[in-house]
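Novice: You'll find my_file.tsv just under this line, and it carries TSV, C-alpha atoms.
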chain	number	residue	atom	x	y	z
A	1	MET	CA	100.09	91.94	-36.01
A	2	GLU	CA	100.18	88.35	-37.19
A	3	PHE	CA	97.19	86.03	-37.02
A	4	PRO	CA	98.45	82.47	-37.57
A	5	ARG	CA	95.22	80.85	-36.40
A	6	THR	CA	92.94	82.98	-38.58
A	7	GLU	CA	95.18	82.60	-41.63
A	8	LYS	CA	94.37	78.88	-41.72
A	9	TYR	CA	90.76	79.56	-42.67
A	10	ASP	CA	89.35	80.00	-46.15
A	11	LYS	CA	89.43	83.72	-46.86
A	12	GLU	CA	86.34	83.66	-49.05
A	13	PHE	CA	84.36	81.89	-46.32
A	14	ILE	CA	85.38	84.59	-43.87
A	15	ARG	CA	84.64	87.40	-46.33
A	16	SER	CA	81.18	86.10	-47.12
A	17	ASN	CA	80.21	85.74	-43.46
A	18	MET	CA	81.67	88.86	-41.88
A	19	MET	CA	79.15	91.28	-40.39
A	20	GLY	CA	81.72	93.89	-39.38
A	21	PRO	CA	85.48	94.07	-38.72
A	22	ASN	CA	87.03	90.60	-39.04
A	23	SER	CA	85.77	88.86	-35.90
A	24	MET	CA	88.24	85.99	-36.17
A	25	LYS	CA	91.24	88.32	-35.98
A	26	ILE	CA	89.66	90.19	-33.09
A	27	LEU	CA	88.99	86.91	-31.28
A	28	GLU	CA	92.50	85.63	-31.92
A	29	GLU	CA	93.98	88.68	-30.20
A	30	LEU	CA	91.35	88.64	-27.45
A	31	LEU	CA	92.11	85.04	-26.48
A	32	ASP	CA	95.88	85.25	-26.79
A	33	LYS	CA	96.43	84.67	-23.06
A	34	ILE	CA	93.11	83.05	-22.14
A	35	PRO	CA	93.44	79.42	-20.95
A	36	LEU	CA	90.54	77.77	-22.76
A	37	ARG	CA	90.47	73.95	-22.50
A	38	SER	CA	88.58	71.36	-24.49
A	39	ASN	CA	86.39	70.36	-21.55
A	40	MET	CA	84.91	73.86	-21.26
A	41	ARG	CA	81.39	74.99	-22.09
A	42	VAL	CA	81.46	78.44	-23.74
A	43	LEU	CA	78.73	80.93	-24.56
A	44	ASP	CA	79.41	82.88	-27.76
A	45	LEU	CA	77.18	85.86	-27.08
A	46	GLY	CA	76.00	87.56	-30.27
A	47	CYS	CA	77.75	85.14	-32.59
A	48	GLY	CA	76.40	86.65	-35.83
A	49	ASN	CA	77.08	84.30	-38.74
A	50	GLY	CA	79.09	82.04	-36.46
A	51	LEU	CA	82.69	82.80	-37.44
A	52	THR	CA	83.72	83.18	-33.80
A	53	SER	CA	81.92	79.98	-32.83
A	54	ILE	CA	83.71	78.05	-35.56
A	55	PHE	CA	87.04	79.51	-34.39
A	56	LEU	CA	86.37	78.54	-30.76
A	57	ALA	CA	85.43	74.99	-31.69
A	58	LYS	CA	88.27	74.37	-34.13
A	59	GLU	CA	91.06	76.12	-32.23
A	60	TYR	CA	90.19	75.13	-28.67
A	61	GLY	CA	87.87	72.13	-28.97
A	62	VAL	CA	85.39	73.69	-26.55
A	63	GLN	CA	81.64	73.12	-26.61
A	64	VAL	CA	80.10	76.34	-27.94
A	65	PHE	CA	76.59	77.66	-27.49
A	66	ALA	CA	76.25	80.11	-30.40
A	67	LEU	CA	73.55	82.62	-29.48
A	68	ASP	CA	72.26	85.36	-31.75
A	69	LEU	CA	69.02	87.29	-32.11
A	70	TRP	CA	69.45	88.44	-35.71
A	71	ILE	CA	70.65	85.24	-37.40
A	72	SER	CA	68.54	82.09	-37.46
A	73	ALA	CA	69.79	78.94	-35.77
A	74	SER	CA	69.07	76.98	-38.95
A	75	ASP	CA	71.29	79.23	-41.08
A	76	ASN	CA	74.10	79.02	-38.56
A	77	TYR	CA	73.73	75.25	-38.28
A	78	LYS	CA	74.35	74.96	-42.03
A	79	ARG	CA	77.54	76.99	-41.64
A	80	PHE	CA	78.67	74.86	-38.71
A	81	GLN	CA	78.09	71.74	-40.80
A	82	GLU	CA	80.09	73.25	-43.66
A	83	ALA	CA	82.93	73.97	-41.23
A	84	GLY	CA	82.75	70.48	-39.72
A	85	VAL	CA	81.98	71.65	-36.18
A	86	GLU	CA	78.29	70.74	-35.90
A	87	ASN	CA	79.07	68.31	-33.06
A	88	LEU	CA	80.75	71.02	-31.00
A	89	VAL	CA	78.58	74.08	-31.70
A	90	ILE	CA	74.93	74.42	-30.71
A	91	PRO	CA	73.13	77.19	-32.65
A	92	ILE	CA	70.57	79.16	-30.64
A	93	HIS	CA	68.21	81.90	-31.81
A	94	ALA	CA	67.53	83.92	-28.66
A	95	ASP	CA	67.70	87.36	-27.08
A	96	ALA	CA	70.70	88.12	-24.86
A	97	LEU	CA	68.27	89.86	-22.51
A	98	ASP	CA	66.34	86.63	-22.03
A	99	MET	CA	68.89	83.84	-22.21
A	100	PRO	CA	67.55	80.29	-21.74
A	101	PHE	CA	70.41	78.89	-19.65
A	102	ALA	CA	70.79	77.39	-16.20
A	103	ASN	CA	72.69	79.31	-13.53
A	104	GLU	CA	76.45	78.63	-13.40
A	105	TYR	CA	76.27	76.77	-16.71
A	106	PHE	CA	79.25	78.24	-18.59
A	107	ASP	CA	82.99	78.17	-18.01
A	108	ALA	CA	83.34	81.25	-20.21
A	109	VAL	CA	81.25	83.97	-21.86
A	110	ILE	CA	82.86	85.36	-25.00
A	111	SER	CA	81.51	88.10	-27.22
A	112	VAL	CA	82.95	89.87	-30.27
A	113	ASP	CA	81.34	93.00	-31.74
A	114	ALA	CA	78.05	92.43	-29.92
A	115	TYR	CA	78.36	93.10	-26.18
A	116	HIS	CA	78.02	96.88	-26.55
A	117	TYR	CA	74.48	96.51	-27.90
A	118	VAL	CA	73.17	95.13	-24.62
A	119	GLY	CA	75.92	95.68	-22.04
A	120	ASN	CA	76.31	99.48	-22.10
A	121	ASN	CA	74.62	99.87	-18.72
A	122	ASP	CA	75.03	98.94	-15.06
A	123	THR	CA	72.65	96.00	-15.07
A	124	PHE	CA	73.41	93.63	-17.95
A	125	PHE	CA	76.54	92.00	-16.56
A	126	PRO	CA	75.34	91.45	-12.97
A	127	GLU	CA	71.82	90.44	-13.99
A	128	LYS	CA	72.39	88.48	-17.21
A	129	VAL	CA	76.03	87.40	-17.50
A	130	ARG	CA	77.05	86.73	-13.91
A	131	PRO	CA	74.24	84.21	-13.22
A	132	VAL	CA	75.17	81.92	-16.13
A	133	LEU	CA	78.92	81.90	-15.36
A	134	LYS	CA	80.52	79.37	-13.06
A	135	LYS	CA	82.60	80.51	-10.12
A	136	ASN	CA	85.83	82.04	-11.48
A	137	GLY	CA	84.34	81.81	-14.97
A	138	ILE	CA	86.07	83.65	-17.81
A	139	THR	CA	84.73	86.77	-19.50
A	140	ALA	CA	86.32	87.91	-22.77
A	141	VAL	CA	84.60	90.61	-24.81
A	142	ALA	CA	85.64	92.95	-27.62
A	143	PHE	CA	83.65	95.69	-29.27
A	144	PRO	CA	84.00	99.07	-31.02
A	145	GLY	CA	84.88	101.97	-28.79
A	146	MET	CA	86.44	105.41	-28.61
A	147	LYS	CA	89.88	106.62	-27.60
A	148	TYR	CA	88.11	109.15	-25.37
A	149	GLU	CA	84.52	110.20	-24.72
A	150	VAL	CA	83.09	112.12	-27.67
A	151	LYS	CA	79.35	111.80	-27.12
A	152	ASP	CA	78.91	115.39	-25.93
A	153	ASN	CA	81.59	116.86	-28.17
A	154	VAL	CA	81.37	115.13	-31.54
A	155	PRO	CA	84.00	116.33	-34.03
A	156	GLU	CA	82.34	118.20	-36.90
A	157	GLU	CA	83.83	115.98	-39.58
A	158	MET	CA	82.42	112.84	-37.92
A	159	LYS	CA	78.84	114.05	-37.44
A	160	PRO	CA	77.70	112.70	-40.83
A	161	TYR	CA	78.88	109.19	-39.90
A	162	TRP	CA	78.08	108.74	-36.21
A	163	GLU	CA	74.42	108.33	-35.40
A	164	ALA	CA	73.16	109.19	-31.92
A	165	GLU	CA	72.25	105.54	-31.34
A	166	ALA	CA	75.83	104.44	-32.03
A	167	LEU	CA	77.26	107.04	-29.68
A	168	GLU	CA	75.18	105.57	-26.87
A	169	MET	CA	77.19	102.36	-27.32
A	170	TRP	CA	80.67	103.59	-28.33
A	171	HIS	CA	82.64	104.63	-25.28
A	172	SER	CA	86.17	104.85	-23.93
A	173	ILE	CA	87.99	102.24	-21.87
A	174	GLU	CA	87.60	104.37	-18.77
A	175	TRP	CA	83.83	104.60	-19.31
A	176	TRP	CA	83.63	100.81	-19.57
A	177	ARG	CA	85.86	100.25	-16.56
A	178	SER	CA	83.04	100.92	-14.11
A	179	LYS	CA	80.95	98.18	-15.74
A	180	PHE	CA	83.56	95.51	-15.04
A	181	GLU	CA	85.91	96.50	-12.20
A	182	ASN	CA	83.52	95.30	-9.49
A	183	GLU	CA	82.64	92.13	-11.39
A	184	LEU	CA	85.95	90.69	-12.60
A	185	ASP	CA	89.27	89.74	-11.07
A	186	ARG	CA	92.46	89.96	-13.13
A	187	LEU	CA	90.71	92.63	-15.18
A	188	ASN	CA	92.57	93.53	-18.38
A	189	MET	CA	91.28	96.30	-20.65
A	190	TRP	CA	93.15	97.51	-23.70
A	191	GLU	CA	92.96	99.18	-27.08
A	192	MET	CA	93.29	96.26	-29.46
A	193	GLY	CA	96.15	96.15	-31.93
A	194	CYS	CA	94.07	94.43	-34.63
A	195	PHE	CA	91.93	97.51	-35.33
A	196	GLN	CA	93.31	98.39	-38.75
A	197	GLN	CA	93.63	94.85	-40.06
A	198	ALA	CA	90.19	93.78	-38.86
A	199	TRP	CA	88.56	96.87	-40.34
A	200	ASN	CA	90.46	96.59	-43.63
A	201	ASP	CA	89.22	93.03	-44.11
A	202	TRP	CA	85.64	94.24	-43.68
A	203	LEU	CA	85.99	97.34	-45.86
A	204	ASN	CA	87.45	95.27	-48.69
A	205	THR	CA	84.27	93.22	-49.00
A	206	ASP	CA	81.38	94.24	-51.23
A	207	ASN	CA	78.88	94.05	-48.38
A	208	PRO	CA	76.71	97.20	-48.66
A	209	TYR	CA	77.28	98.00	-44.99
A	210	ALA	CA	81.04	97.71	-45.49
A	211	VAL	CA	80.86	100.06	-48.47
A	212	GLY	CA	78.92	102.49	-46.28
A	213	ASP	CA	81.60	102.32	-43.56
A	214	ARG	CA	84.52	103.21	-45.85
A	215	LYS	CA	84.14	106.98	-45.66
A	216	MET	CA	83.69	106.84	-41.87
A	217	ILE	CA	86.94	104.97	-41.30
A	218	HIS	CA	88.80	107.11	-43.84
A	219	THR	CA	87.59	110.32	-42.19
A	220	ASP	CA	88.36	109.04	-38.69
A	221	ASN	CA	91.91	108.21	-39.83
A	222	GLY	CA	92.83	106.60	-36.52
A	223	ARG	CA	91.97	109.64	-34.41
A	224	TYR	CA	88.87	108.68	-32.46
A	225	MET	CA	87.69	105.10	-32.94
A	226	ASN	CA	89.21	101.89	-31.59
A	227	ILE	CA	88.34	98.34	-30.63
A	228	ILE	CA	88.32	97.61	-26.91
A	229	GLY	CA	89.31	94.23	-25.48
A	230	ILE	CA	88.28	93.19	-21.97
A	231	THR	CA	89.13	89.97	-20.13
A	232	GLY	CA	88.88	88.75	-16.55
A	233	THR	CA	87.50	86.08	-14.25
A	234	LEU	CA	84.36	86.30	-12.21
A	235	LYS	CA	84.83	87.58	-8.67
Rewrite the coordinates I just gave you, this time as structure tokens.
Specialist:
Amino acid sequence: MEFPRTEKYDKEFIRSNMMGPNSMKILEELLDKIPLRSNMRVLDLGCGNGLTSIFLAKEYGVQVFALDLWISASDNYKRFQEAGVENLVIPIHADALDMPFANEYFDAVISVDAYHYVGNNDTFFPEKVRPVLKKNGITAVAFPGMKYEVKDNVPEEMKPYWEAEALEMWHSIEWWRSKFENELDRLNMWEMGCFQQAWNDWLNTDNPYAVGDRKMIHTDNGRYMNIIGITGTLK
């Protein structure tokens, strides 16, 4: 795949702020056919170090509310200033389970490599996401998944790398379908084509977590893991 939008950004800036597979490349594929407009208000749910928020602001000119529980708003604000988007991106340190937003506040909720931490159940979307989205609001999420369900039949060679906690969050497209099919119109769910490139970018950093992931991805060798993309509009 080609990523003309992502390629415009400083590679060292991306490398130093990744917290997993390259979130900009994932987001570029995720939003390929999503009609974002500059007058939209967007929630970047679980923004991490803010790479996706910077991408949304620069590429689409939308107003971004960059929410994360693990990264401080002050640290992200410095990054947004460095990227020149501090007037478009509002950094927020908050829990996705207790979001401080008005009902029907956002035109879109977007999340890359974060939704699976809180949304792997039947309640998060209807109780937390739906209320803050406007009528016909856009949902676009991407997160690590599995080509098929492995939780109860973990391949022997992968047992050293997959913790039980992770397997509670990593599921197949069909498993996730039930979480969205009654919530979204124009539902599109797919195995993302950026998997290898996004992972390679991460594994080629010297981040200790990336170094720890190398053997897992090498052992998997494209057999079990994937990245799942999901888009749709609120019913």
Novice: Dig up all the protein and nucleic acid residues within 10 Å of (88.9, 85.6, -10.4) in the file frame, using all atoms listed in the file, and format them as a ChimeraX atom specification.
Specialist: /A:135-138,183-187,232-235
Novice: Show me, as a PyMOL selection string, the residues that have an atom within 8 Å of A:Phe143 when counting only C-alpha atoms, minus same-chain residues fewer than 4 positions from it.
Specialist: chain A and resi 112-116+227-229
Novice: Can you list, as a ChimeraX atom specification, every protein, DNA or RNA residue that comes within 12 Å of A:Thr205 when you count only C-alpha atoms, leaving out same-chain residues fewer than 5 positions away?
Specialist: /A:11-22,198-200,210-214
Novice: Counting only C-alpha atoms, which residues sit no farther than 12 Å from the position (86.1, 80.9, -43.4) in the file's frame? I'd like them as JSON, numbers by chain.
Specialist: {"A": [5, 6, 7, 8, 9, 10, 11, 12, 13, 14, 15, 16, 17, 18, 22, 23, 24, 25, 49, 50, 51, 52, 53, 54, 55, 58, 79, 80, 82, 83, 84]}
Novice: State, in Å with one decimal place, the distance from atom CA of A:Tyr117 to atom CA of A:Gly222.
Specialist: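 Taking atom CA of A:Tyr117 as the start and atom CA of A:Gly222 as the end point, the length is 22.6 Å.
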Novice: Rounded to one decimal place, report the atom CA of A:Ile92-atom CA of A:Gly145 distance in Å.
Specialist: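 Interatomic distance here is 27.0 Å.
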Novice: Could you give me, as a list in words, the residues within 8 Å of A:Ile90, counting all atoms listed in the file and dropping anything in the same chain fewer than 4 positions from it?
Specialist: Gln63, Val64, Phe65, Ala66, Tyr77 and Glu86 of chain A
Novice: At what distance in Å, to one decimal, does atom CA of A:Thr139 lie from atom CA of A:Asp122?
Specialist: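 Answer for the atom CA of A:Asp122 to atom CA of A:Thr139 separation: 16.2 Å.
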Novice: Hey, which of A:Ala73, A:Gln196, A:Asn120, A:Lys134 ends up closest to A:Glu165? Count all atoms listed in the file.
Specialist: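 Nearest to A:Glu165: A:Asn120.
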Novice: Have a look at A:Val154, A:Leu133, A:Ile230, A:Val109 and name the one nearest to A:Glu174; count all atoms listed in the file.
Specialist: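 Answer, going by the shortest atom-to-atom distance: A:Ile230.
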Novice: Select, from A:Asp44, A:Glu181, A:Asp220, A:Glu59, the residue with the minimum atom-to-atom distance to A:Glu157, counting all atoms listed in the file.
Specialist: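 Looking only at the distances to A:Glu157, the closest residue turns out to be A:Asp220.
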Novice: Which is closer to A:Leu88 than all the others in A:Trp202, A:Trp70, A:Trp176, A:Tyr60, using all atoms listed in the file?
Specialist: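 Residue with the minimum atom-to-atom distance to A:Leu88: A:Tyr60.
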Novice: Quick one: of A:Cys47, A:Ala102, A:Val141, A:Ala166, who's nearest to A:Ile26, counting all atoms listed in the file?
Specialist: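 Between A:Cys47, A:Ala102, A:Val141, A:Ala166, the residue approaching A:Ile26 most closely is A:Val141.
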Novice: Which of these residues is nearest to A:Pro35, using only C-alpha atoms: A:Leu97, A:Asp206, A:Ala140, A:Cys194?
Specialist: A:Ala140
